[in-house]
Amino acid sequence: MADVLQASAEGFGSNEQIFPPSAAFVAQARVKGMDGYQALYDRSLQDPDGFWADEAKELSWFQPWTKVLDESKKPFFRWFVDGKTNVAYNCLDAQIAKGLGDKVAIVYEGEPTANGHAVEVRKITYRELHREVSRISNVLKGLGLKKGDTVAIYMPMVPELAMAVLACARLGIVHSVVFGGFSAESIRDRVNDAKSKAVITMDGGYRRGKFLPLKQTVDEGVKDCPTCAHVLVLQRHPGKPDAGCVMQAGRDVWYHEAAAKVTDQCEAVQQEANEMLFLLYTSGSTGKPKGIMHSVGGYMVHAYATNKYVFDLRGDDLFWCTADVGWVTGHTYVVYGPLLNGSSVLMYEGAPDAPDFGRFWKIIQDHKVSVFYTAPTAIRAFMKWG
């Protein structure tokens, strides 16, 4: 959020208030108070294997694990050893198998723009999301990409970003999301370090009413990236590509053209729990960006459990985490966690102060967001804005 907020918190003193939950909320909560939390916490310390095994058993596995936690090579811990699963399968196929196929998975609202585009609102069901993710997976396979390869993703906060992430996970391709506000140099550094074989991007996206030509930034970024053989390009407005989007023959592929040649069904690849799910780089503010590896099983169970307990997510919730998917908070609380819990998640492309300071509150009101998660920076800005 800090990248889109310009407000300063200067001048605000301490204003501590406690807002206890209502009796009705407590009655339906998984953790009803400090006693319940303490019991949960104590068990996690006294019987960690049993605690995490119980959480993992609520998810789908192709093959059970032989050991919950292997600590033999500290600090390199291994979770759910020998277990085989697929995170995208758990986000989509498993939810459809539970009867949630027609339930809305993603509610999307675009930012109002200065060039006359109306506010875009889309609702995508679990079944529709499954089809689109499978289609992207098949396009990636058609480019020769396979399990263990790394693909960089540089896109705005639109549903197709989540789809690209899940499509990679479905095939066991390691995704490396680069925040859509980063420079060409940032793309180059991350693509080269990860040896990414492709970049998935969009011709552009919106920020405070302005169209940002993302593909042009990618073109500049991959000039000196010898491992990057393909750039897969989606259109922000299907059928109306950005005039400045130049396609390089032999490297660049329009997604809509490739998608027309594949089916919308793709089997999920089985992955051992300690294989890599994604690579995410630090911001680089204190030195060279460092790629942090996240493995399949441990991350999946963590994302599922924290969404379930911290946010008490239920099937009828519409959850909105304002983080960008370019950061780990966005990975966990925009894409993976809510879908693993069978909830609905809201995605918003724009800024909190465009076109006015009431943007977030209008979205919450219009879509009836039931769980809202944002940063302290944003809260301080809201206070300043009144």
# chains A, B, ... in the order shown; residues from 1 in each chain; ligands from 1

$ select_by_dssp --residues "segment 73-240 of chain A" --states "strand (DSSP E or B)" --output "PyMOL selection string"
chain A and resi 78-81+84-85+104-109+121-125+150-154+174-177+198-202+205-207+210-212+230-234

$ closest_atom_pairs --of "segment 124-192 of chain A" --to "segment 270-283 of chain A" --cutoff "6 Å" --atoms "only C-alpha atoms" --output "tab-separated table"
residue	atom	partner	partner_atom	distance
A:Val174	CA	A:Phe278	CA	4.8
A:His175	CA	A:Phe278	CA	4.8
A:Ser176	CA	A:Leu279	CA	5.0

$ write_last_selection --atoms "C-alpha atoms" --output "PDB file, in the first residue's frame"
ATOM      1  CA  VAL A 174       7.679 -21.626 -10.408  1.00  0.00           C
ATOM      2  CA  HIS A 175       6.134 -18.167 -10.638  1.00  0.00           C
ATOM      3  CA  SER A 176       8.085 -15.016  -9.870  1.00  0.00           C
TER       4      SER A 176
END

$ closest_residue --among "A:Val178, A:Val26, A:Cys228, A:Ala39" --to "Val325 of chain A" --atoms "only C-alpha atoms"
A:Val178

$ select_by_dssp --residues "segment 84-277 of chain A" --states "helix (DSSP H, G or I)" --output "PDB file with C-alpha atoms, in the first residue's frame"
ATOM      1  CA  VAL A  87      -1.986 -25.801  -4.656  1.00  0.00           C
ATOM      2  CA  ALA A  88      -4.020 -24.715  -7.696  1.00  0.00           C
ATOM      3  CA  TYR A  89      -5.926 -28.002  -7.496  1.00  0.00           C
ATOM      4  CA  ASN A  90      -6.820 -27.193  -3.897  1.00  0.00           C
ATOM      5  CA  CYS A  91      -7.848 -23.651  -4.836  1.00  0.00           C
ATOM      6  CA  ASP A  93     -10.784 -28.398  -8.374  1.00  0.00           C
ATOM      7  CA  ALA A  94     -11.258 -29.231  -4.699  1.00  0.00           C
ATOM      8  CA  GLN A  95     -13.697 -26.340  -4.257  1.00  0.00           C
ATOM      9  CA  ILE A  96     -15.702 -27.386  -7.319  1.00  0.00           C
ATOM     10  CA  ALA A  97     -15.804 -30.947  -5.962  1.00  0.00           C
ATOM     11  CA  LYS A  98     -17.373 -29.513  -2.787  1.00  0.00           C
ATOM     12  CA  GLY A  99     -20.191 -28.025  -4.859  1.00  0.00           C
ATOM     13  CA  LEU A 100     -18.787 -24.486  -5.065  1.00  0.00           C
ATOM     14  CA  TYR A 126     -14.860 -21.004  -9.297  1.00  0.00           C
ATOM     15  CA  ARG A 127     -15.832 -22.969 -12.405  1.00  0.00           C
ATOM     16  CA  GLU A 128     -15.060 -20.039 -14.706  1.00  0.00           C
ATOM     17  CA  LEU A 129     -11.773 -19.431 -12.920  1.00  0.00           C
ATOM     18  CA  HIS A 130     -10.867 -23.110 -13.303  1.00  0.00           C
ATOM     19  CA  ARG A 131     -11.483 -22.937 -17.047  1.00  0.00           C
ATOM     20  CA  GLU A 132      -9.453 -19.772 -17.572  1.00  0.00           C
ATOM     21  CA  VAL A 133      -6.577 -21.008 -15.418  1.00  0.00           C
ATOM     22  CA  SER A 134      -6.540 -24.293 -17.336  1.00  0.00           C
ATOM     23  CA  ARG A 135      -6.531 -22.413 -20.637  1.00  0.00           C
ATOM     24  CA  ILE A 136      -3.526 -20.331 -19.583  1.00  0.00           C
ATOM     25  CA  SER A 137      -1.795 -23.511 -18.393  1.00  0.00           C
ATOM     26  CA  ASN A 138      -2.306 -25.081 -21.816  1.00  0.00           C
ATOM     27  CA  VAL A 139      -0.901 -21.983 -23.521  1.00  0.00           C
ATOM     28  CA  LEU A 140       2.181 -22.186 -21.289  1.00  0.00           C
ATOM     29  CA  LYS A 141       2.583 -25.859 -22.173  1.00  0.00           C
ATOM     30  CA  GLY A 142       2.309 -24.910 -25.834  1.00  0.00           C
ATOM     31  CA  PRO A 159      -8.108 -11.159 -12.312  1.00  0.00           C
ATOM     32  CA  GLU A 160      -5.772 -12.339 -15.054  1.00  0.00           C
ATOM     33  CA  LEU A 161      -2.871 -11.799 -12.655  1.00  0.00           C
ATOM     34  CA  ALA A 162      -4.376 -14.318 -10.232  1.00  0.00           C
ATOM     35  CA  MET A 163      -5.121 -16.623 -13.170  1.00  0.00           C
ATOM     36  CA  ALA A 164      -1.505 -16.488 -14.352  1.00  0.00           C
ATOM     37  CA  VAL A 165      -0.252 -17.303 -10.849  1.00  0.00           C
ATOM     38  CA  LEU A 166      -2.618 -20.271 -10.544  1.00  0.00           C
ATOM     39  CA  ALA A 167      -1.824 -21.469 -14.074  1.00  0.00           C
ATOM     40  CA  CYS A 168       1.855 -21.688 -13.200  1.00  0.00           C
ATOM     41  CA  ALA A 169       1.070 -23.480  -9.940  1.00  0.00           C
ATOM     42  CA  ARG A 170      -1.158 -25.931 -11.811  1.00  0.00           C
ATOM     43  CA  LEU A 171       1.781 -27.045 -13.947  1.00  0.00           C
ATOM     44  CA  ALA A 184      12.615  -2.274 -16.416  1.00  0.00           C
ATOM     45  CA  GLU A 185      15.843  -2.684 -14.457  1.00  0.00           C
ATOM     46  CA  SER A 186      13.947  -4.474 -11.676  1.00  0.00           C
ATOM     47  CA  ILE A 187      12.438  -6.855 -14.215  1.00  0.00           C
ATOM     48  CA  ARG A 188      15.846  -7.561 -15.742  1.00  0.00           C
ATOM     49  CA  ASP A 189      17.486  -8.250 -12.391  1.00  0.00           C
ATOM     50  CA  ARG A 190      14.764 -10.687 -11.323  1.00  0.00           C
ATOM     51  CA  VAL A 191      14.435 -12.469 -14.659  1.00  0.00           C
ATOM     52  CA  ASN A 192      18.180 -13.013 -14.884  1.00  0.00           C
ATOM     53  CA  ASP A 193      18.587 -14.093 -11.272  1.00  0.00           C
ATOM     54  CA  ALA A 194      15.733 -16.621 -11.528  1.00  0.00           C
ATOM     55  CA  LEU A 214       3.526  -2.310 -19.025  1.00  0.00           C
ATOM     56  CA  LYS A 215       4.555  -4.216 -22.143  1.00  0.00           C
ATOM     57  CA  GLN A 216       6.927  -1.417 -23.113  1.00  0.00           C
ATOM     58  CA  THR A 217       8.581  -1.713 -19.702  1.00  0.00           C
ATOM     59  CA  VAL A 218       8.940  -5.470 -20.200  1.00  0.00           C
ATOM     60  CA  ASP A 219      10.480  -4.927 -23.649  1.00  0.00           C
ATOM     61  CA  GLU A 220      13.143  -2.735 -22.085  1.00  0.00           C
ATOM     62  CA  GLY A 221      13.620  -5.088 -19.156  1.00  0.00           C
ATOM     63  CA  TYR A 255      -2.467 -14.603 -25.336  1.00  0.00           C
ATOM     64  CA  HIS A 256      -5.888 -14.401 -27.006  1.00  0.00           C
ATOM     65  CA  GLU A 257      -4.493 -15.874 -30.223  1.00  0.00           C
ATOM     66  CA  ALA A 258      -2.766 -18.749 -28.439  1.00  0.00           C
ATOM     67  CA  ALA A 259      -5.774 -19.362 -26.169  1.00  0.00           C
TER      68      ALA A 259
END

$ closest_residue --among "A:Ala375, A:Leu340, A:Met34, A:Ile200" --to "His302 of chain A" --atoms "only C-alpha atoms"
A:Leu340

$ residues_around --residues "Trp327 of chain A" --least-positions-apart "4" --cutoff "8 Å" --atoms "only C-alpha atoms" --output "tab-separated table (two decimals) with N, CA and C atoms, in the first residue's frame"
chain	number	residue	atom	x	y	z
A	179	PHE	N	6.29	-6.79	-8.98
A	179	PHE	CA	5.31	-5.73	-8.74
A	179	PHE	C	5.17	-4.85	-9.98
A	280	LEU	N	9.86	-15.19	-4.71
A	280	LEU	CA	9.46	-13.80	-4.56
A	280	LEU	C	10.64	-13.00	-4.02
A	323	ALA	N	-3.50	-5.43	-0.49
A	323	ALA	CA	-2.11	-5.59	-0.92
A	323	ALA	C	-2.04	-5.94	-2.40
A	331	HIS	N	0.12	-12.45	-2.43
A	331	HIS	CA	0.11	-13.87	-2.78
A	331	HIS	C	-0.81	-14.65	-1.84

$ closest_residue --among "A:Tyr206, A:Gly101, A:Phe372, A:Gly298" --to "Leu69 of chain A" --atoms "only C-alpha atoms"
A:Gly298

$ closest_residue --among "A:Ser72, A:Thr306, A:Thr263, A:Ser344" --to "Tyr108 of chain A" --atoms "only C-alpha atoms"
A:Ser344

$ residues_around --residues "Pro112 of chain A" --least-positions-apart "4" --cutoff "12 Å" --atoms "only C-alpha atoms" --output "compact mmCIF listing (two decimals) with N, CA and C atoms, in the first residue's frame"
# COMPACT_ATOMS: atom_id res chain seq x y z
N GLY A 116 -12.52 8.07 -20.27
CA GLY A 116 -13.89 7.74 -20.61
C GLY A 116 -14.31 6.30 -20.37
N HIS A 117 -13.38 5.43 -19.98
CA HIS A 117 -13.77 4.05 -19.70
C HIS A 117 -14.64 4.01 -18.45
N ALA A 118 -15.74 3.29 -18.53
CA ALA A 118 -16.60 3.13 -17.36
C ALA A 118 -15.92 2.22 -16.35
N VAL A 119 -16.35 2.30 -15.11
CA VAL A 119 -15.81 1.41 -14.09
C VAL A 119 -16.15 -0.02 -14.47
N GLU A 120 -15.14 -0.85 -14.54
CA GLU A 120 -15.33 -2.25 -14.94
C GLU A 120 -15.58 -3.10 -13.70
N VAL A 121 -16.64 -3.90 -13.73
CA VAL A 121 -16.95 -4.82 -12.65
C VAL A 121 -17.13 -6.21 -13.25
N GLY A 205 -1.98 -1.15 -17.85
CA GLY A 205 -2.93 -1.13 -16.74
C GLY A 205 -3.12 0.31 -16.28
N TYR A 206 -4.02 0.51 -15.33
CA TYR A 206 -4.38 1.86 -14.90
C TYR A 206 -3.88 2.17 -13.50
N ARG A 207 -3.48 3.41 -13.30
CA ARG A 207 -3.11 3.91 -11.99
C ARG A 207 -3.49 5.38 -11.93
N ARG A 208 -4.41 5.70 -11.04
CA ARG A 208 -4.91 7.07 -10.90
C ARG A 208 -5.37 7.67 -12.24
N GLY A 209 -6.10 6.87 -12.98
CA GLY A 209 -6.69 7.34 -14.22
C GLY A 209 -5.78 7.33 -15.42
N LYS A 210 -4.52 6.98 -15.24
CA LYS A 210 -3.57 6.98 -16.35
C LYS A 210 -3.27 5.56 -16.80
N PHE A 211 -3.16 5.38 -18.11
CA PHE A 211 -2.81 4.07 -18.66
C PHE A 211 -1.30 3.92 -18.66
N TYR A 348 -9.00 -5.05 -6.73
CA TYR A 348 -9.19 -3.68 -7.22
C TYR A 348 -7.90 -3.21 -7.85
N GLU A 349 -7.98 -2.71 -9.07
CA GLU A 349 -6.78 -2.33 -9.82
C GLU A 349 -6.19 -1.00 -9.36
N GLY A 350 -7.02 -0.09 -8.87
CA GLY A 350 -6.60 1.29 -8.71
C GLY A 350 -6.08 1.68 -7.35
N ALA A 351 -6.01 2.98 -7.15
CA ALA A 351 -5.48 3.58 -5.93
C ALA A 351 -6.62 3.95 -4.99
N PRO A 352 -6.33 4.09 -3.68
CA PRO A 352 -7.39 4.39 -2.71
C PRO A 352 -7.89 5.82 -2.77
N ASP A 353 -7.18 6.69 -3.47
CA ASP A 353 -7.57 8.10 -3.52
C ASP A 353 -7.94 8.56 -4.92
N ALA A 354 -8.29 7.62 -5.79
CA ALA A 354 -8.68 7.98 -7.16
C ALA A 354 -10.04 7.36 -7.49
N PRO A 355 -11.01 8.14 -7.88
CA PRO A 355 -10.93 9.58 -8.17
C PRO A 355 -11.08 10.47 -6.93
N ASP A 356 -11.39 9.88 -5.76
CA ASP A 356 -11.54 10.70 -4.56
C ASP A 356 -11.16 9.87 -3.34
N ARG A 359 -12.92 6.32 -2.21
CA ARG A 359 -12.94 5.19 -3.15
C ARG A 359 -13.09 3.84 -2.46
N ILE A 363 -16.35 1.10 -2.58
CA ILE A 363 -16.21 -0.29 -3.02
C ILE A 363 -16.75 -1.24 -1.96

$ atom_distance --atom1 "atom CA of Ala152 of chain A" --atom2 "atom CA of Asn307 of chain A"
25.8 Å

$ residues_around --residues "segment 48-62 of chain A" --least-positions-apart "2" --cutoff "8 Å" --atoms "only C-alpha atoms" --output "compact mmCIF listing (two decimals) with C-alpha atoms, in the first residue's frame"
# COMPACT_ATOMS: atom_id res chain seq x y z
CA ARG A 43 -1.49 -27.10 21.31
CA SER A 44 0.61 -25.75 18.44
CA LEU A 45 3.62 -25.73 20.80
CA GLN A 46 2.92 -28.93 22.70
CA PRO A 64 -0.04 -38.63 2.08
CA VAL A 68 5.08 -33.76 9.12
CA LEU A 69 8.33 -31.90 9.84
CA GLY A 83 3.35 -35.80 0.43
CA LYS A 84 2.11 -34.94 -3.06
CA THR A 85 -0.40 -32.22 -3.82
CA ASN A 86 -1.05 -29.20 -6.04
CA ASN A 90 -6.82 -27.19 -3.90
CA ALA A 94 -11.26 -29.23 -4.70
CA GLN A 270 1.43 -33.59 -8.75
CA VAL A 301 -1.10 -25.14 4.76
CA ALA A 305 -4.71 -21.85 8.23

$ residues_around --residues "segment 250-253 of chain A" --least-positions-apart "2" --cutoff "7 Å" --atoms "only C-alpha atoms" --output "list in words"
Ala229, His230, Val231, Leu232, Val233, Met247, Gln248 and Tyr255 of chain A

$ residues_around --residues "Ala29 of chain A" --least-positions-apart "4" --cutoff "12 Å" --atoms "only C-alpha atoms" --output "PyMOL selection string"
chain A and resi 21-25+33+36-37+308-314

$ closest_residue --among "A:Tyr154, A:Phe77, A:Phe357, A:Trp254" --to "Pro241 of chain A" --atoms "only C-alpha atoms"
A:Trp254
